[in-house]
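For reference, entry_25.csv is printed below; it contains CSV, C-alpha atoms.
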chain,number,residue,atom,x,y,z
F,1,MET,CA,205.7,48.7,210.5
F,2,PRO,CA,206.0,50.4,207.0
F,3,TRP,CA,209.3,52.0,206.4
F,4,ASN,CA,207.9,55.4,205.7
F,5,GLU,CA,205.9,55.7,208.9
F,6,PRO,CA,207.2,57.2,212.1
F,7,GLY,CA,209.0,54.7,214.3
F,8,GLY,CA,210.2,52.6,211.4
F,9,ASN,CA,213.8,51.5,210.7
F,10,GLY,CA,214.3,54.4,208.3
F,11,LYS,CA,215.3,52.2,205.3
F,12,ASP,CA,213.4,51.9,202.0
F,13,PRO,CA,213.1,48.6,200.1
F,14,TRP,CA,216.3,49.4,198.1
F,15,GLY,CA,218.4,49.6,201.3
F,16,HIS,CA,218.5,53.4,201.7
F,17,ARG,CA,217.5,55.3,204.7
F,18,ASN,CA,214.5,57.4,204.5
F,19,LYS,CA,215.4,61.0,204.6
F,20,GLU,CA,212.8,63.3,205.7
F,21,GLN,CA,210.2,60.6,205.1
F,22,GLY,CA,210.0,61.6,201.3
F,23,PRO,CA,209.7,59.4,198.1
F,24,PRO,CA,212.9,57.5,197.0
F,25,ASP,CA,215.3,59.1,194.6
F,26,LEU,CA,215.3,57.8,191.0
F,27,ASP,CA,219.1,57.8,190.7
F,28,ASP,CA,219.3,55.7,193.8
F,29,ILE,CA,216.9,53.1,192.4
F,30,VAL,CA,218.9,52.8,189.1
F,31,GLN,CA,222.1,52.6,191.0
F,32,SER,CA,220.7,49.8,193.2
F,33,VAL,CA,219.6,47.7,190.2
F,34,GLN,CA,223.0,48.1,188.5
F,35,ASP,CA,224.7,46.9,191.7
F,36,LYS,CA,222.5,43.8,191.9
F,37,ILE,CA,223.2,42.9,188.2
F,38,GLY,CA,226.9,43.4,188.8
F,39,GLY,CA,226.8,41.1,191.8
F,40,LEU,CA,225.2,38.4,189.7
F,41,PHE,CA,228.2,38.3,187.3
F,42,GLY,CA,230.8,38.6,190.1
F,43,GLY,CA,231.2,42.4,190.3
F,44,GLY,CA,231.3,44.3,193.6
F,45,GLY,CA,228.4,46.3,194.9
F,46,SER,CA,228.3,50.0,195.1
F,47,ASN,CA,228.1,52.3,198.2
F,48,ASN,CA,226.5,55.6,198.1
F,49,GLY,CA,229.2,56.9,200.4
F,50,GLY,CA,232.1,54.9,199.2
F,51,GLY,CA,234.9,56.1,197.0
F,52,GLU,CA,235.0,53.1,194.6
F,53,ASN,CA,232.5,52.6,191.8
F,54,SER,CA,231.7,49.1,190.3
F,55,ASN,CA,230.7,50.6,186.9
F,56,GLY,CA,234.3,50.7,185.9
F,57,GLU,CA,234.9,47.0,186.7
F,58,GLU,CA,234.7,44.3,184.0
F,59,LEU,CA,232.3,41.4,184.2
F,60,SER,CA,233.7,38.1,185.1
F,61,TRP,CA,234.6,35.4,182.5
F,62,THR,CA,231.7,33.2,183.6
F,63,GLY,CA,229.2,36.0,182.9
F,64,ILE,CA,230.7,36.6,179.5
F,65,GLY,CA,230.5,33.0,178.6
F,66,PHE,CA,226.9,32.7,179.7
F,67,ILE,CA,225.9,35.7,177.6
F,68,ALA,CA,227.8,34.3,174.6
F,69,VAL,CA,226.1,30.9,174.9
F,70,ILE,CA,222.7,32.6,175.0
F,71,ILE,CA,223.4,34.7,172.0
F,72,LEU,CA,224.8,31.7,170.1
F,73,ILE,CA,221.6,29.7,170.8
F,74,ILE,CA,219.4,32.5,169.7
F,75,TRP,CA,221.5,33.0,166.6
F,76,SER,CA,221.5,29.4,165.6
F,77,LEU,CA,217.7,29.2,165.8
F,78,PHE,CA,217.5,31.6,162.8
F,79,GLY,CA,219.2,28.8,160.7
F,80,PHE,CA,216.1,26.6,160.5
F,81,TYR,CA,214.0,26.9,157.3
F,82,THR,CA,211.4,24.9,155.5
F,83,ILE,CA,211.4,23.9,151.8
F,84,GLN,CA,207.9,23.3,150.2
F,85,PRO,CA,207.3,20.3,147.9
F,86,ALA,CA,207.5,22.4,144.7
F,87,GLU,CA,210.7,24.2,145.8
F,88,PHE,CA,214.4,23.7,146.0
F,89,GLY,CA,216.7,25.5,148.4
F,90,VAL,CA,220.0,26.9,147.1
F,91,VAL,CA,222.5,27.4,150.0
F,92,THR,CA,225.4,29.9,149.6
F,93,GLN,CA,228.3,30.2,151.9
F,94,PHE,CA,229.8,33.7,151.9
F,95,GLY,CA,228.1,34.2,148.5
F,96,ARG,CA,229.5,31.0,147.0
F,97,TYR,CA,227.2,28.1,146.0
F,98,LYS,CA,227.4,25.3,148.6
F,99,GLU,CA,224.5,22.8,148.1
F,100,THR,CA,220.8,22.4,147.0
F,101,THR,CA,218.3,21.2,149.6
F,102,GLU,CA,215.0,19.5,149.0
F,103,GLN,CA,211.6,19.7,150.6
F,104,GLY,CA,211.3,19.5,154.4
F,105,LEU,CA,212.8,21.1,157.5
F,106,ASN,CA,216.5,22.0,157.0
F,107,TRP,CA,219.2,23.9,158.8
F,108,HIS,CA,222.1,26.1,157.8
F,109,TRP,CA,224.5,28.5,159.4
F,110,PRO,CA,222.5,31.8,159.8
F,111,TYR,CA,223.4,35.1,158.2
F,112,PRO,CA,226.0,36.3,157.4
F,113,ILE,CA,227.8,32.9,157.0
F,114,GLU,CA,225.2,31.2,154.8
F,115,GLN,CA,222.0,32.2,153.0
F,116,VAL,CA,219.2,30.2,151.4
F,117,GLN,CA,217.3,31.2,148.2
F,118,LYS,CA,214.1,29.2,147.5
F,119,VAL,CA,213.3,28.5,143.9
F,120,ASN,CA,209.9,27.1,142.7
F,121,VAL,CA,210.7,24.5,140.1
F,122,GLU,CA,207.1,23.5,139.3
F,123,GLU,CA,205.6,26.9,138.6
F,124,VAL,CA,204.8,27.3,134.9
F,125,ARG,CA,205.8,30.8,133.8
F,126,ALA,CA,204.7,32.5,130.6
F,127,LEU,CA,206.4,34.8,128.2
F,128,THR,CA,204.6,36.7,125.4
F,129,HIS,CA,206.6,37.9,122.5
F,130,ARG,CA,205.2,40.0,119.5
F,131,ALA,CA,207.3,41.2,116.7
F,132,LEU,CA,207.6,41.9,112.9
F,133,MET,CA,209.3,39.1,111.1
F,134,LEU,CA,210.7,38.9,107.5
F,135,THR,CA,209.9,35.7,105.7
F,136,LYS,CA,211.9,33.7,103.1
F,137,ASP,CA,210.0,35.3,100.2
F,138,GLU,CA,210.7,38.8,101.6
F,139,ASN,CA,207.3,39.5,103.1
F,140,ILE,CA,206.6,40.9,106.5
F,141,VAL,CA,204.4,39.2,109.0
F,142,VAL,CA,203.3,40.1,112.5
F,143,ILE,CA,203.6,37.2,114.9
F,144,GLU,CA,202.6,36.9,118.5
F,145,LEU,CA,204.1,34.0,120.4
F,146,VAL,CA,203.5,32.6,123.9
F,147,VAL,CA,206.2,30.6,125.6
F,148,GLN,CA,205.5,28.6,128.7
F,149,TYR,CA,208.5,27.5,130.7
F,150,ARG,CA,209.7,26.5,134.2
F,151,VAL,CA,212.9,26.1,136.2
F,152,LYS,CA,214.8,22.8,135.6
F,153,ASN,CA,218.0,23.4,137.5
F,154,ALA,CA,217.9,25.9,140.4
F,155,GLU,CA,221.7,26.3,140.7
F,156,ASN,CA,222.1,27.3,137.0
F,157,TYR,CA,219.0,29.5,137.2
F,158,LEU,CA,220.6,31.5,140.1
F,159,PHE,CA,224.3,31.6,139.3
F,160,LYS,CA,225.1,30.8,135.6
F,161,VAL,CA,223.2,33.7,134.0
F,162,GLN,CA,222.6,37.1,135.4
F,163,ASP,CA,219.0,37.3,134.1
F,164,PRO,CA,217.7,33.9,132.9
F,165,ASP,CA,214.2,35.2,132.0
F,166,ASN,CA,215.5,38.0,129.9
F,167,THR,CA,217.9,35.5,128.2
F,168,LEU,CA,214.9,33.4,127.4
F,169,ARG,CA,213.2,36.4,125.8
F,170,GLN,CA,216.1,37.1,123.6
F,171,ALA,CA,216.5,33.5,122.7
F,172,THR,CA,212.8,33.4,121.7
F,173,GLU,CA,213.2,36.3,119.4
F,174,SER,CA,216.3,34.9,117.8
F,175,ALA,CA,214.9,31.4,117.3
F,176,LEU,CA,211.6,32.8,115.9
F,177,ARG,CA,213.4,35.0,113.4
F,178,GLU,CA,215.5,32.1,112.2
F,179,ILE,CA,212.5,29.8,111.7
F,180,VAL,CA,210.3,32.4,110.0
F,181,GLY,CA,213.2,33.6,107.9
F,182,THR,CA,213.4,30.1,106.3
F,183,SER,CA,209.7,29.8,105.7
F,184,LYS,CA,207.3,31.4,103.2
F,185,MET,CA,204.6,33.9,104.2
F,186,ASP,CA,201.7,31.7,103.1
F,187,ALA,CA,203.0,28.7,105.0
F,188,VAL,CA,203.5,30.8,108.2
F,189,LEU,CA,200.0,32.3,108.1
F,190,THR,CA,198.1,29.2,107.1
F,191,ASN,CA,198.9,25.5,107.2
F,192,GLU,CA,202.4,25.5,108.7
F,193,ARG,CA,201.8,27.5,111.9
F,194,ALA,CA,202.1,24.4,114.1
F,195,ARG,CA,205.3,23.4,112.4
F,196,VAL,CA,206.8,26.9,113.0
F,197,ALA,CA,205.9,26.8,116.7
F,198,ALA,CA,207.4,23.3,117.1
F,199,ASP,CA,210.6,24.2,115.4
F,200,THR,CA,210.9,27.4,117.4
F,201,LYS,CA,210.5,25.5,120.7
F,202,VAL,CA,213.3,23.1,119.8
F,203,LEU,CA,215.6,26.0,118.8
F,204,ILE,CA,214.8,28.0,122.0
F,205,GLN,CA,215.6,25.0,124.2
F,206,ASP,CA,218.9,24.5,122.4
F,207,ILE,CA,219.9,28.1,123.0
F,208,VAL,CA,219.0,28.2,126.7
F,209,ASP,CA,220.7,24.9,127.3
F,210,ARG,CA,223.9,26.3,125.7
F,211,TYR,CA,223.7,29.3,128.0
F,212,LYS,CA,223.0,27.0,131.0
F,213,THR,CA,220.0,29.1,132.2
F,214,GLY,CA,218.5,26.2,134.1
F,215,LEU,CA,215.2,26.6,132.2
F,216,ILE,CA,213.1,24.1,130.3
F,217,VAL,CA,210.5,25.2,127.7
F,218,SER,CA,207.1,23.4,128.2
F,219,SER,CA,205.3,24.7,125.1
F,220,VAL,CA,205.3,27.3,122.4
F,221,ASN,CA,202.0,28.5,121.0
F,222,MET,CA,201.5,30.9,118.1
F,223,GLN,CA,198.6,33.1,119.2
F,224,ASN,CA,198.4,35.3,116.1
F,225,ALA,CA,200.0,35.5,112.7
F,226,GLN,CA,198.9,38.1,110.2
F,227,PRO,CA,200.3,40.4,107.5
F,228,PRO,CA,200.8,44.1,108.2
F,229,GLU,CA,197.7,46.2,108.4
F,230,ALA,CA,198.3,47.9,105.1
F,231,VAL,CA,197.9,44.6,103.1
F,232,GLN,CA,195.4,42.8,105.3
F,233,ALA,CA,192.4,43.4,103.0
F,234,ALA,CA,194.3,41.9,100.0
F,235,PHE,CA,195.5,39.0,102.0
F,236,ALA,CA,192.0,38.3,103.2
F,237,ASP,CA,190.8,38.1,99.6
F,238,VAL,CA,193.6,35.6,98.9
F,239,ILE,CA,192.6,33.5,101.8
F,240,LYS,CA,189.0,33.5,100.7
F,241,ALA,CA,190.0,32.4,97.2
F,242,ARG,CA,192.1,29.6,98.7
F,243,GLU,CA,189.2,28.5,100.9
F,244,ASP,CA,186.9,28.4,97.8
F,245,GLU,CA,189.5,26.3,96.0
F,246,VAL,CA,189.7,23.9,98.9
F,247,ARG,CA,185.9,23.7,99.1
F,248,SER,CA,185.5,23.0,95.4
F,249,LYS,CA,188.2,20.4,95.5
F,250,ASN,CA,186.6,18.7,98.4
F,251,LYS,CA,183.2,18.7,96.6
F,252,ALA,CA,184.8,17.2,93.5
F,253,GLU,CA,186.5,14.6,95.5
F,254,GLY,CA,183.2,13.7,97.2
F,255,TYR,CA,181.5,13.3,93.9
F,256,ALA,CA,184.3,11.2,92.5
F,257,ASN,CA,184.2,9.0,95.6
F,258,GLU,CA,180.4,8.6,95.2
F,259,VAL,CA,180.7,7.6,91.5
F,260,LYS,CA,183.6,5.3,92.3
F,261,GLN,CA,181.6,3.6,95.1
F,262,LYS,CA,178.7,3.1,92.7
F,263,ALA,CA,180.9,1.6,90.1
F,264,ILE,CA,182.5,-0.7,92.6
F,265,GLY,CA,179.0,-1.8,93.7
F,266,VAL,CA,177.9,-2.6,90.1
F,267,THR,CA,181.2,-4.4,89.5
F,268,ASN,CA,180.8,-6.5,92.5
F,269,GLN,CA,177.2,-7.3,91.6
F,270,LEU,CA,178.2,-8.4,88.1
F,271,LEU,CA,181.0,-10.5,89.5
F,272,GLU,CA,178.6,-12.2,91.9
F,273,GLU,CA,176.1,-12.8,89.1
F,274,ALA,CA,178.9,-14.2,86.9
F,275,GLN,CA,180.1,-16.5,89.7
F,276,GLY,CA,176.5,-17.6,90.3
F,277,TYR,CA,176.0,-18.3,86.5
F,278,LYS,CA,179.3,-20.1,86.4
F,279,ALA,CA,178.4,-22.3,89.3
F,280,GLN,CA,174.9,-23.0,87.8
F,281,VAL,CA,176.3,-24.0,84.4
F,282,THR,CA,179.0,-26.1,86.1
F,283,ALA,CA,176.5,-27.9,88.3
F,284,ARG,CA,174.1,-28.5,85.3
F,285,SER,CA,177.0,-29.8,83.2
F,286,LEU,CA,178.1,-32.1,86.0
F,287,GLY,CA,174.5,-33.3,86.4
F,288,GLU,CA,174.0,-34.0,82.7
F,289,THR,CA,177.4,-35.8,82.7
F,290,ARG,CA,176.3,-38.1,85.6
F,291,ARG,CA,172.9,-38.7,83.9
F,292,PHE,CA,174.6,-39.6,80.6
F,293,LEU,CA,177.0,-42.0,82.4
F,294,SER,CA,174.1,-43.6,84.2
F,295,ILE,CA,172.1,-44.0,81.0
F,296,LEU,CA,175.3,-45.4,79.3
F,297,LYS,CA,175.5,-48.1,82.0
F,298,GLU,CA,171.8,-49.0,81.5
F,299,TYR,CA,172.3,-49.0,77.7
F,300,GLU,CA,175.2,-51.4,77.9
F,301,LYS,CA,173.0,-53.8,80.0
F,302,ALA,CA,169.8,-53.5,77.7
F,303,PRO,CA,170.3,-51.5,74.5
F,304,ALA,CA,166.8,-52.1,73.1
F,305,ILE,CA,164.9,-51.2,76.2
F,306,THR,CA,167.1,-48.1,76.7
F,307,ARG,CA,166.6,-46.9,73.2
F,308,GLN,CA,162.8,-47.2,73.5
F,309,ARG,CA,162.9,-45.4,76.9
F,310,LEU,CA,164.9,-42.5,75.4
F,311,TYR,CA,162.5,-42.2,72.5
F,312,ILE,CA,159.5,-42.1,74.8
F,313,GLU,CA,161.1,-39.5,77.1
F,314,SER,CA,162.0,-37.3,74.0
F,315,LEU,CA,158.4,-37.4,72.8
F,316,GLU,CA,157.2,-36.5,76.2
F,317,SER,CA,159.5,-33.5,76.3
F,318,VAL,CA,158.4,-32.3,72.9
F,319,LEU,CA,154.7,-32.9,73.3
F,320,SER,CA,154.6,-31.3,76.8
F,321,ASN,CA,155.3,-27.9,75.2
F,322,THR,CA,152.5,-28.0,72.6
F,323,SER,CA,148.8,-27.0,72.9
F,324,LYS,CA,147.6,-29.8,70.6
F,325,VAL,CA,146.4,-33.1,72.0
F,326,MET,CA,146.4,-36.2,69.8
F,327,VAL,CA,143.9,-39.1,70.6
F,328,ASP,CA,144.9,-42.4,69.3
F,329,ILE,CA,141.9,-44.5,68.3
F,330,LYS,CA,142.7,-48.1,67.3
F,331,SER,CA,139.5,-48.7,65.3
F,332,GLY,CA,139.5,-45.4,63.5
F,333,ASN,CA,141.5,-42.4,62.4
F,334,ASN,CA,143.4,-40.3,64.9
F,335,LEU,CA,141.5,-37.4,66.4
F,336,MET,CA,143.1,-34.1,67.1
F,337,LEU,CA,141.7,-32.0,69.9
F,338,LEU,CA,142.2,-28.2,70.0
F,339,PRO,CA,141.8,-26.8,73.6
F,340,LEU,CA,140.0,-23.4,73.1
F,341,ASP,CA,140.7,-22.2,76.6
F,342,LYS,CA,144.5,-22.6,76.0
F,343,LEU,CA,144.3,-20.9,72.6
F,344,LEU,CA,142.3,-17.9,73.8
F,345,GLY,CA,144.4,-17.5,77.0
F,346,ASN,CA,147.9,-16.1,77.4
F,347,THR,CA,149.8,-19.2,76.9
F,348,SER,CA,153.2,-17.4,77.2
F,349,ASN,CA,152.7,-16.7,80.9
F,350,GLN,CA,151.3,-20.1,81.8
F,351,SER,CA,153.1,-23.4,81.8
F,352,THR,CA,151.2,-26.3,80.1
F,353,PRO,CA,151.5,-29.6,82.0
F,354,ALA,CA,153.4,-32.2,80.2
F,355,LEU,CA,151.0,-34.7,78.6
F,356,SER,CA,152.2,-38.0,77.4
F,357,GLN,CA,150.7,-39.6,74.4
F,358,PRO,CA,147.7,-41.6,75.6
F,359,SER,CA,146.4,-44.9,74.1
F,360,PHE,CA,143.1,-46.5,74.4
F,361,THR,CA,142.1,-50.1,74.5
F,362,GLU,CA,139.5,-51.7,72.3
F,363,HIS,CA,136.8,-50.9,74.8
F,364,GLY,CA,137.7,-47.2,74.9
F,365,VAL,CA,139.6,-47.3,78.1
F,366,ARG,CA,142.7,-45.1,78.3
F,367,ASN,CA,145.9,-46.8,78.7
F,368,ASN,CA,148.7,-44.8,80.4
F,369,ASP,CA,151.3,-47.5,80.1
F,370,PRO,CA,153.7,-46.5,77.3
F,371,ARG,CA,154.8,-50.0,76.9
F,372,SER,CA,151.4,-50.9,75.6
F,373,ARG,CA,152.1,-48.9,72.5
F,374,GLY,CA,155.5,-50.3,71.9
F,375,GLY,CA,154.0,-53.8,71.7
F,376,ARG,CA,151.8,-53.0,68.7

Please go through the file and, once you have read it, give me the structure as structure tokens.
Amino acid sequence: MPWNEPGGNGKDPWGHRNKEQGPPDLDDIVQSVQDKIGGLFGGGGSNNGGGENSNGEELSWTGIGFIAVIILIIWSLFGFYTIQPAEFGVVTQFGRYKETTEQGLNWHWPYPIEQVQKVNVEEVRALTHRALMLTKDENIVVIELVVQYRVKNAENYLFKVQDPDNTLRQATESALREIVGTSKMDAVLTNERARVAADTKVLIQDIVDRYKTGLIVSSVNMQNAQPPEAVQAAFADVIKAREDEVRSKNKAEGYANEVKQKAIGVTNQLLEEAQGYKAQVTARSLGETRRFLSILKEYEKAPAITRQRLYIESLESVLSNTSKVMVDIKSGNNLMLLPLDKLLGNTSNQSTPALSQPSFTEHGVRNNDPRSRGGR
């Protein structure tokens, strides 16, 4: 039977009797919950009509230890942290550097004992610097420089210098002024810009290393270099004149190279022709020498026959180049034939076949044997 109906036991769920069958009192409910919690940790319960109150009693040592363990576990869970592949974790203990942790899941004593600062060592940062510089020849130039850098040592970056990025900015200006101050204006604005940027990079790195900023300079690029606005027009004319000079010089060098190549070609051709003529004369001389030696051997064997043969060959060589033909007639005078077609034609462009001196027998038959004439 419900406690609030007539005939019930007169007690509510919190152990109180129902008075006048009305709703329970809020103070009684709160007091009942406190008594149950106090009993859980060893404290005595409270009576509404009793003279003693358990609120003044202390919790037992077991309850205190249990609460402490729970709090310690929850506190220690805050010590887990994750380091990304591009980061380093710098752990400090009561503000003093302790260690540097690498990527992965790590644990440290939670705040306030230890703290972790994550530093990205692969992020490329950029610094732009623009300033007026005085050159070696006492001219003023406006230079805009972009410096790219990243963190090399996380410990030095966080603890050695108060503001490493600002230190790098000051080092950049100092290094740039030193390099530009030892260079001439024309060189800085034209053909030595890359050299100025490279020397500035080396000097910046040397300065930040001496200060132990933990930074490494990746690159230094000169974005712009120009004279002050008041003299830009005059300087533009100077640059144009210099470009015209370079263009004319390149044109002259091109023409010189062309003439030189032609001369080299002609020289090589003449050398090749000379070598060919030399080889030809040498070969002809060697051939004539061998021919003479062979004739000499034949002459030593038969001098008379060899002399006759040489005589006949000489006559053949002479008569082969003439346009006259001699006919030897035994019974009469010699008859000379003049070939009209050869006389009327262009004999200089045509070669006349070599004709040996013919002889005829008594019956008018031509005899081509040269030995027949030698027997007369």

Just want the 12 Å neighbourhood of Glu138 of chain F, counted on only C-alpha atoms, with same-chain residues fewer than 3 positions away dropped. Output as a ChimeraX atom specification.
/F:133-135,141,180-186

Write the residues of the preceding selection, restricted to C-alpha atoms, as a PDB file, in the frame of the given file.
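Saved to result.pdb:
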ATOM      1  CA  MET F 133     209.300  39.100 111.100  1.00  0.00           C
ATOM      2  CA  LEU F 134     210.700  38.900 107.500  1.00  0.00           C
ATOM      3  CA  THR F 135     209.900  35.700 105.700  1.00  0.00           C
ATOM      4  CA  VAL F 141     204.400  39.200 109.000  1.00  0.00           C
ATOM      5  CA  VAL F 180     210.300  32.400 110.000  1.00  0.00           C
ATOM      6  CA  GLY F 181     213.200  33.600 107.900  1.00  0.00           C
ATOM      7  CA  THR F 182     213.400  30.100 106.300  1.00  0.00           C
ATOM      8  CA  SER F 183     209.700  29.800 105.700  1.00  0.00           C
ATOM      9  CA  LYS F 184     207.300  31.400 103.200  1.00  0.00           C
ATOM     10  CA  MET F 185     204.600  33.900 104.200  1.00  0.00           C
ATOM     11  CA  ASP F 186     201.700  31.700 103.100  1.00  0.00           C
TER      12      ASP F 186
END

Kindly indicate which residue among F:Ser32, F:Glu122, F:Leu189, F:Asn321 lies nearest to Ala236 of chain F, using only C-alpha atoms for the distances.
F:Leu189

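Taking atom CA of Lys160 of chain F and atom CA of Gly214 of chain F as endpoints, the distance between them is 8.2 Å.
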
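Shortest separation to Tyr97 of chain F among F:Val69, F:Leu127, F:Leu158, F:Ala234 occurs at residue F:Leu158, atoms counted being only C-alpha atoms.
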
Write out as a PyMOL selection string the residues lying within 12 Å of Trp75 of chain F, counting only C-alpha atoms and excluding same-chain residues fewer than 5 positions away.
chain F and resi 68-70+80+108-113

Which is closest to Ala225 of chain F among F:Glu192, F:Glu298, F:Glu316, F:Glu245, if we use all atoms listed in the file?
F:Glu192

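Within 12 Å of the point (215.3, 36.6, 121.7), and counting all atoms listed in the file, the protein, DNA and RNA residues are Leu127, Thr128, His129, Arg130, Ala131, Leu145, Val147, Pro164, Asp165, Asn166, Thr167, Leu168, Arg169, Gln170, Ala171, Thr172, Glu173, Ser174, Ala175, Leu176, Arg177, Glu178, Thr200, Leu203, Ile204, Gln205, Ile207 and Val208 of chain F.
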
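Using all atoms listed in the file for every distance, the candidate list F:Glu300, F:Val188, F:Glu288, F:Leu72 yields F:Val188 as the residue closest to Asp137 of chain F.
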
Which value, in Å to one decimal, gives the distance between atom CA of Asn224 of chain F and atom CA of Ala198 of chain F?
15.0 Å
